[in-house]
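Okay, so here's the structure we're looking at.
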Amino acid sequence: MPRIGLCQVTSSDEPDTNLKLIREGVAEAAGQGARIVVFPEAAMARFGVPLGPIAEPLDGSWATAVAAIAAEYDVLIVAGMFTPSGDGRVKNTLLVTGLGEHRGYDKIHLYDAFGFRESDTVAPGASLVRFTVDGVSYGVATCYDLRFPELFRAHGEAGVAAVLVPASWGAGEGKREQWEVLARARALDSGAWVVAVGQADPAATGVAVNPKAPTGIGHSIVSDGFGRMAASLGSAPETVVVDIDPEIAEKARAATGALANRRL
């Protein structure tokens, strides 16, 4: 049965420092048998700092270092980074590396909401990304993507067992409740497991951050395709390993008919 590590961390604004967090998280998760280890969005560097000087291509030093960690521990890593866009902005990219993979998913839906304008500094992506580990299919999405069921339905129609969702969820009244409801709803929409891994709440460890930036609230969550929570973390940094059963995804899609019976 697939075993996935969730590494809820508080990223710093230094990419090299964050590589140490990734190594520590991978070591802990792999030590518990995880084959896939998921870190939050902006794992390369947290929001609230200039992103242009930090951005690197997928063959740059930061992504290459993460790939080396994945190879050392024989796992696949999913972690948020920033890559150049070519238009003066950056792309908010999920690095997918290890076990024969090394590619990126560029966040499609940008966080122009709740007073924040991600599109001012980030260019949107356009293509979905899926991959297979040990014969099991997975999709990915990023943070604000969670509000858009069409993306998750597309993954579900492709038969993925799980959608991995790194995030750096913005704080605010009702935002934790929205995060949890949306993760479970997207699992129901797709029939797939949703493994949503957020940045830990900086306040939980006394880390000072830009108060206007979405730097995370913690509360990472795992939901199966029936909307049942299999794991729920607190606000502080934590690593948890979960088993997901791909058969539950197939049973959920068959039972709910949410994809087969769609009319619109």
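Just so we're on the same page: first chain in the structure tokens is A, next is B, and so on; residues restart at 1 for each chain, and ligands are numbered from 1 in the order they show up.
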DSSP strand (DSSP E or B) residues within region 35-111 of chain A, listed as a JSON list (two decimals) with all heavy atoms, in the first residue's frame:
[["chain", "number", "residue", "atom", "x", "y", "z"],
["A", 36, "ILE", "N", 6.82, 8.48, -1.18],
["A", 36, "ILE", "CA", 6.60, 9.83, -1.66],
["A", 36, "ILE", "C", 6.62, 10.74, -0.45],
["A", 36, "ILE", "O", 6.01, 10.44, 0.58],
["A", 36, "ILE", "CB", 5.25, 9.95, -2.39],
["A", 36, "ILE", "CG1", 5.22, 9.06, -3.63],
["A", 36, "ILE", "CG2", 4.96, 11.39, -2.77],
["A", 36, "ILE", "CD1", 3.88, 9.00, -4.32],
["A", 37, "VAL", "N", 7.34, 11.86, -0.56],
["A", 37, "VAL", "CA", 7.42, 12.81, 0.54],
["A", 37, "VAL", "C", 7.00, 14.18, 0.00],
["A", 37, "VAL", "O", 7.59, 14.69, -0.96],
["A", 37, "VAL", "CB", 8.84, 12.87, 1.14],
["A", 37, "VAL", "CG1", 8.85, 13.77, 2.38],
["A", 37, "VAL", "CG2", 9.35, 11.48, 1.49],
["A", 38, "VAL", "N", 5.99, 14.77, 0.64],
["A", 38, "VAL", "CA", 5.39, 16.00, 0.14],
["A", 38, "VAL", "C", 5.69, 17.16, 1.10],
["A", 38, "VAL", "O", 5.44, 17.05, 2.30],
["A", 38, "VAL", "CB", 3.87, 15.85, -0.03],
["A", 38, "VAL", "CG1", 3.28, 17.10, -0.68],
["A", 38, "VAL", "CG2", 3.54, 14.61, -0.86],
["A", 76, "LEU", "N", 10.34, 9.77, -4.01],
["A", 76, "LEU", "CA", 9.95, 10.88, -4.86],
["A", 76, "LEU", "C", 9.55, 12.04, -3.95],
["A", 76, "LEU", "O", 8.81, 11.85, -2.99],
["A", 76, "LEU", "CB", 8.80, 10.49, -5.78],
["A", 76, "LEU", "CG", 8.32, 11.60, -6.74],
["A", 76, "LEU", "CD1", 8.00, 11.03, -8.12],
["A", 76, "LEU", "CD2", 7.10, 12.33, -6.20],
["A", 77, "ILE", "N", 10.05, 13.23, -4.26],
["A", 77, "ILE", "CA", 9.77, 14.43, -3.48],
["A", 77, "ILE", "C", 8.91, 15.37, -4.29],
["A", 77, "ILE", "O", 9.16, 15.60, -5.48],
["A", 77, "ILE", "CB", 11.08, 15.13, -3.07],
["A", 77, "ILE", "CG1", 11.93, 14.24, -2.17],
["A", 77, "ILE", "CG2", 10.78, 16.46, -2.37],
["A", 77, "ILE", "CD1", 13.32, 14.80, -1.89],
["A", 78, "VAL", "N", 7.91, 15.94, -3.65],
["A", 78, "VAL", "CA", 7.12, 17.03, -4.23],
["A", 78, "VAL", "C", 7.31, 18.25, -3.32],
["A", 78, "VAL", "O", 7.04, 18.17, -2.12],
["A", 78, "VAL", "CB", 5.63, 16.67, -4.33],
["A", 78, "VAL", "CG1", 4.85, 17.84, -4.92],
["A", 78, "VAL", "CG2", 5.43, 15.42, -5.18],
["A", 79, "ALA", "N", 7.80, 19.35, -3.88],
["A", 79, "ALA", "CA", 8.09, 20.53, -3.07],
["A", 79, "ALA", "C", 7.91, 21.78, -3.90],
["A", 79, "ALA", "O", 8.28, 21.82, -5.08],
["A", 79, "ALA", "CB", 9.52, 20.46, -2.52],
["A", 80, "GLY", "N", 7.40, 22.83, -3.28],
["A", 80, "GLY", "CA", 7.16, 24.08, -3.98],
["A", 80, "GLY", "C", 8.43, 24.89, -4.17],
["A", 80, "GLY", "O", 9.22, 25.06, -3.24],
["A", 81, "MET", "N", 8.61, 25.42, -5.37],
["A", 81, "MET", "CA", 9.75, 26.28, -5.68],
["A", 81, "MET", "C", 9.29, 27.37, -6.64],
["A", 81, "MET", "O", 8.10, 27.44, -7.01],
["A", 81, "MET", "CB", 10.91, 25.47, -6.27],
["A", 81, "MET", "CG", 10.62, 24.84, -7.62],
["A", 81, "MET", "SD", 12.06, 23.99, -8.35],
["A", 81, "MET", "CE", 13.17, 25.38, -8.67],
["A", 82, "PHE", "N", 10.21, 28.21, -7.08],
["A", 82, "PHE", "CA", 9.90, 29.27, -8.04],
["A", 82, "PHE", "C", 10.87, 29.18, -9.20],
["A", 82, "PHE", "O", 12.08, 29.03, -9.01],
["A", 82, "PHE", "CB", 9.98, 30.65, -7.37],
["A", 82, "PHE", "CG", 9.04, 30.77, -6.20],
["A", 82, "PHE", "CD1", 9.52, 30.68, -4.91],
["A", 82, "PHE", "CD2", 7.68, 30.94, -6.40],
["A", 82, "PHE", "CE1", 8.66, 30.75, -3.82],
["A", 82, "PHE", "CE2", 6.81, 31.02, -5.32],
["A", 82, "PHE", "CZ", 7.30, 30.93, -4.03],
["A", 83, "THR", "N", 10.32, 29.24, -10.41],
["A", 83, "THR", "CA", 11.12, 29.15, -11.62],
["A", 83, "THR", "C", 10.89, 30.40, -12.47],
["A", 83, "THR", "O", 9.85, 31.05, -12.36],
["A", 83, "THR", "CB", 10.75, 27.89, -12.44],
["A", 83, "THR", "OG1", 9.34, 27.93, -12.75],
["A", 83, "THR", "CG2", 11.06, 26.62, -11.67],
["A", 84, "PRO", "N", 11.87, 30.78, -13.30],
["A", 84, "PRO", "CA", 11.70, 31.97, -14.15],
["A", 84, "PRO", "C", 10.55, 31.79, -15.15],
["A", 84, "PRO", "O", 10.32, 30.69, -15.65],
["A", 84, "PRO", "CB", 13.04, 32.07, -14.87],
["A", 84, "PRO", "CG", 14.01, 31.29, -14.04],
["A", 84, "PRO", "CD", 13.20, 30.17, -13.45],
["A", 90, "VAL", "N", 7.71, 35.27, -12.07],
["A", 90, "VAL", "CA", 8.19, 33.91, -11.87],
["A", 90, "VAL", "C", 7.00, 32.96, -12.05],
["A", 90, "VAL", "O", 5.86, 33.40, -12.20],
["A", 90, "VAL", "CB", 8.80, 33.72, -10.46],
["A", 90, "VAL", "CG1", 9.95, 34.69, -10.23],
["A", 90, "VAL", "CG2", 7.74, 33.87, -9.37],
["A", 91, "LYS", "N", 7.28, 31.68, -12.04],
["A", 91, "LYS", "CA", 6.22, 30.68, -11.97],
["A", 91, "LYS", "C", 6.28, 29.99, -10.62],
["A", 91, "LYS", "O", 7.36, 29.73, -10.08],
["A", 91, "LYS", "CB", 6.36, 29.66, -13.11],
["A", 91, "LYS", "CG", 6.03, 30.25, -14.47],
["A", 91, "LYS", "CD", 6.01, 29.20, -15.56],
["A", 91, "LYS", "CE", 5.59, 29.83, -16.89],
["A", 91, "LYS", "NZ", 5.54, 28.82, -17.99],
["A", 92, "ASN", "N", 5.11, 29.75, -10.06],
["A", 92, "ASN", "CA", 4.98, 29.05, -8.79],
["A", 92, "ASN", "C", 4.92, 27.56, -9.14],
["A", 92, "ASN", "O", 3.89, 27.05, -9.57],
["A", 92, "ASN", "CB", 3.70, 29.51, -8.09],
["A", 92, "ASN", "CG", 3.54, 28.94, -6.70],
["A", 92, "ASN", "OD1", 4.16, 27.93, -6.36],
["A", 92, "ASN", "ND2", 2.69, 29.56, -5.89],
["A", 93, "THR", "N", 6.03, 26.89, -8.97],
["A", 93, "THR", "CA", 6.23, 25.55, -9.52],
["A", 93, "THR", "C", 6.31, 24.51, -8.42],
["A", 93, "THR", "O", 6.97, 24.73, -7.40],
["A", 93, "THR", "CB", 7.53, 25.53, -10.35],
["A", 93, "THR", "OG1", 7.43, 26.47, -11.41],
["A", 93, "THR", "CG2", 7.82, 24.15, -10.92],
["A", 94, "LEU", "N", 5.66, 23.37, -8.64],
["A", 94, "LEU", "CA", 5.88, 22.20, -7.81],
["A", 94, "LEU", "C", 6.95, 21.35, -8.47],
["A", 94, "LEU", "O", 6.76, 20.87, -9.60],
["A", 94, "LEU", "CB", 4.61, 21.38, -7.65],
["A", 94, "LEU", "CG", 3.46, 22.00, -6.86],
["A", 94, "LEU", "CD1", 2.31, 21.01, -6.75],
["A", 94, "LEU", "CD2", 3.92, 22.45, -5.48],
["A", 95, "LEU", "N", 8.05, 21.16, -7.79],
["A", 95, "LEU", "CA", 9.09, 20.25, -8.26],
["A", 95, "LEU", "C", 8.67, 18.82, -7.92],
["A", 95, "LEU", "O", 8.35, 18.51, -6.77],
["A", 95, "LEU", "CB", 10.41, 20.59, -7.58],
["A", 95, "LEU", "CG", 11.57, 19.62, -7.80],
["A", 95, "LEU", "CD1", 11.99, 19.58, -9.26],
["A", 95, "LEU", "CD2", 12.75, 20.00, -6.91],
["A", 96, "VAL", "N", 8.67, 17.96, -8.92],
["A", 96, "VAL", "CA", 8.38, 16.54, -8.75],
["A", 96, "VAL", "C", 9.65, 15.80, -9.16],
["A", 96, "VAL", "O", 9.99, 15.76, -10.35],
["A", 96, "VAL", "CB", 7.18, 16.09, -9.62],
["A", 96, "VAL", "CG1", 6.93, 14.60, -9.48],
["A", 96, "VAL", "CG2", 5.94, 16.90, -9.27],
["A", 97, "THR", "N", 10.36, 15.23, -8.19],
["A", 97, "THR", "CA", 11.68, 14.67, -8.51],
["A", 97, "THR", "C", 11.95, 13.40, -7.73],
["A", 97, "THR", "O", 11.57, 13.27, -6.56],
["A", 97, "THR", "CB", 12.79, 15.71, -8.26],
["A", 97, "THR", "OG1", 14.03, 15.20, -8.75],
["A", 97, "THR", "CG2", 12.94, 16.06, -6.79],
["A", 98, "GLY", "N", 12.60, 12.45, -8.39],
["A", 98, "GLY", "CA", 12.95, 11.18, -7.78],
["A", 98, "GLY", "C", 12.26, 10.02, -8.45],
["A", 98, "GLY", "O", 11.23, 10.18, -9.12],
["A", 101, "GLU", "N", 11.64, 10.58, -12.06],
["A", 101, "GLU", "CA", 10.95, 11.82, -12.45],
["A", 101, "GLU", "C", 11.81, 13.03, -12.13],
["A", 101, "GLU", "O", 12.55, 13.04, -11.14],
["A", 101, "GLU", "CB", 9.62, 11.96, -11.67],
["A", 101, "GLU", "CG", 8.58, 10.91, -11.99],
["A", 101, "GLU", "CD", 7.86, 11.16, -13.30],
["A", 101, "GLU", "OE1", 8.12, 12.22, -13.93],
["A", 101, "GLU", "OE2", 7.05, 10.33, -13.70],
["A", 102, "HIS", "N", 11.70, 14.06, -12.94],
["A", 102, "HIS", "CA", 12.26, 15.36, -12.61],
["A", 102, "HIS", "C", 11.57, 16.38, -13.51],
["A", 102, "HIS", "O", 12.01, 16.64, -14.64],
["A", 102, "HIS", "CB", 13.77, 15.43, -12.79],
["A", 102, "HIS", "CG", 14.36, 16.69, -12.24],
["A", 102, "HIS", "ND1", 14.62, 16.88, -10.90],
["A", 102, "HIS", "CD2", 14.70, 17.86, -12.85],
["A", 102, "HIS", "CE1", 15.12, 18.09, -10.69],
["A", 102, "HIS", "NE2", 15.17, 18.70, -11.86],
["A", 103, "ARG", "N", 10.49, 16.93, -13.02],
["A", 103, "ARG", "CA", 9.73, 17.90, -13.79],
["A", 103, "ARG", "C", 8.93, 18.79, -12.85],
["A", 103, "ARG", "O", 8.97, 18.62, -11.63],
["A", 103, "ARG", "CB", 8.80, 17.22, -14.79],
["A", 103, "ARG", "CG", 7.90, 16.15, -14.20],
["A", 103, "ARG", "CD", 7.11, 15.51, -15.30],
["A", 103, "ARG", "NE", 6.47, 14.27, -14.92],
["A", 103, "ARG", "CZ", 5.27, 13.92, -15.36],
["A", 103, "ARG", "NH1", 4.59, 14.71, -16.15],
["A", 103, "ARG", "NH2", 4.76, 12.75, -15.02],
["A", 104, "GLY", "N", 8.20, 19.75, -13.43],
["A", 104, "GLY", "CA", 7.48, 20.69, -12.60],
["A", 104, "GLY", "C", 6.05, 20.88, -13.03],
["A", 104, "GLY", "O", 5.72, 20.73, -14.21],
["A", 105, "TYR", "N", 5.22, 21.23, -12.07],
["A", 105, "TYR", "CA", 3.85, 21.68, -12.33],
["A", 105, "TYR", "C", 3.78, 23.15, -11.97],
["A", 105, "TYR", "O", 4.10, 23.54, -10.84],
["A", 105, "TYR", "CB", 2.83, 20.89, -11.48],
["A", 105, "TYR", "CG", 1.49, 21.60, -11.40],
["A", 105, "TYR", "CD1", 0.65, 21.68, -12.50],
["A", 105, "TYR", "CD2", 1.08, 22.23, -10.21],
["A", 105, "TYR", "CE1", -0.56, 22.35, -12.43],
["A", 105, "TYR", "CE2", -0.14, 22.88, -10.14],
["A", 105, "TYR", "CZ", -0.96, 22.96, -11.24],
["A", 105, "TYR", "OH", -2.16, 23.63, -11.19],
["A", 106, "ASP", "N", 3.38, 23.98, -12.92],
["A", 106, "ASP", "CA", 3.24, 25.41, -12.69],
["A", 106, "ASP", "C", 1.80, 25.71, -12.29],
["A", 106, "ASP", "O", 0.86, 25.40, -13.03],
["A", 106, "ASP", "CB", 3.61, 26.19, -13.96],
["A", 106, "ASP", "CG", 5.06, 26.00, -14.36],
["A", 106, "ASP", "OD1", 5.91, 25.88, -13.46],
["A", 106, "ASP", "OD2", 5.35, 25.95, -15.57]]
- [ ] Please provide the set of residues having any atom within 8 Å of Arg253 (chain A), restricted to only C-alpha atoms, with same-chain residues fewer than 6 positions apart removed, written as a VMD selection string.
- [x] chain A and resid 190 to 192 225 259
Task: Shell around region 228-243 of chain A at 10 Å using only C-alpha atoms, local window under 4 positions removed, as number ranges by chain - done: A: 1-11, 24-26, 28-39, 180, 183-184, 187-188, 193-205, 216-224
TODO: Mind giving me the straight-line distance from CA of Ile54 (chain A) to CA of Thr17 (chain A) in Å, one decimal?
DONE: 12.9 Å
- [ ] Give the alpha helix (DSSP H) residues of region 61-248 of chain A, as assigned by DSSP on the backbone, as a ChimeraX atom specification.
- [x] /A:61-73,149-157,175-190,246-248
TODO: Provide the CA of Pro214 (chain A) to CA of Gln178 (chain A) distance in Å, to one decimal place.
DONE: 14.6 Å
Open item on the list: Could you tell me how far CA of Glu14 (chain A) sits from CA of Val209 (chain A), in Å to one decimal place?
Closed with: 13.0 Å
Open item on the list: Set the distance at 9 Å and use only C-alpha atoms: which residues neighbour Leu151 (chain A) once local chain neighbours fewer than 5 positions away are removed? I'd like the list as JSON, numbers by chain.
Closed with: {"A": [128, 141, 145, 146, 156, 190]}
TODO: Quick one: everything within 12 Å of Thr121 (chain A), counting only C-alpha atoms, minus sequence neighbours fewer than 3 positions away in the same chain. Send it as a PyMOL selection string.
DONE: chain A and resi 47-53+55+82-92+110-112+116-118+124
Task: Using only C-alpha atoms: which of A:Gly159, A:Gly172, A:Gly206, A:Gly125 has the shortest distance to Glu247 (chain A) - done: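 Using only C-alpha atoms, the shortest distance to Glu247 (chain A) belongs to A:Gly159.
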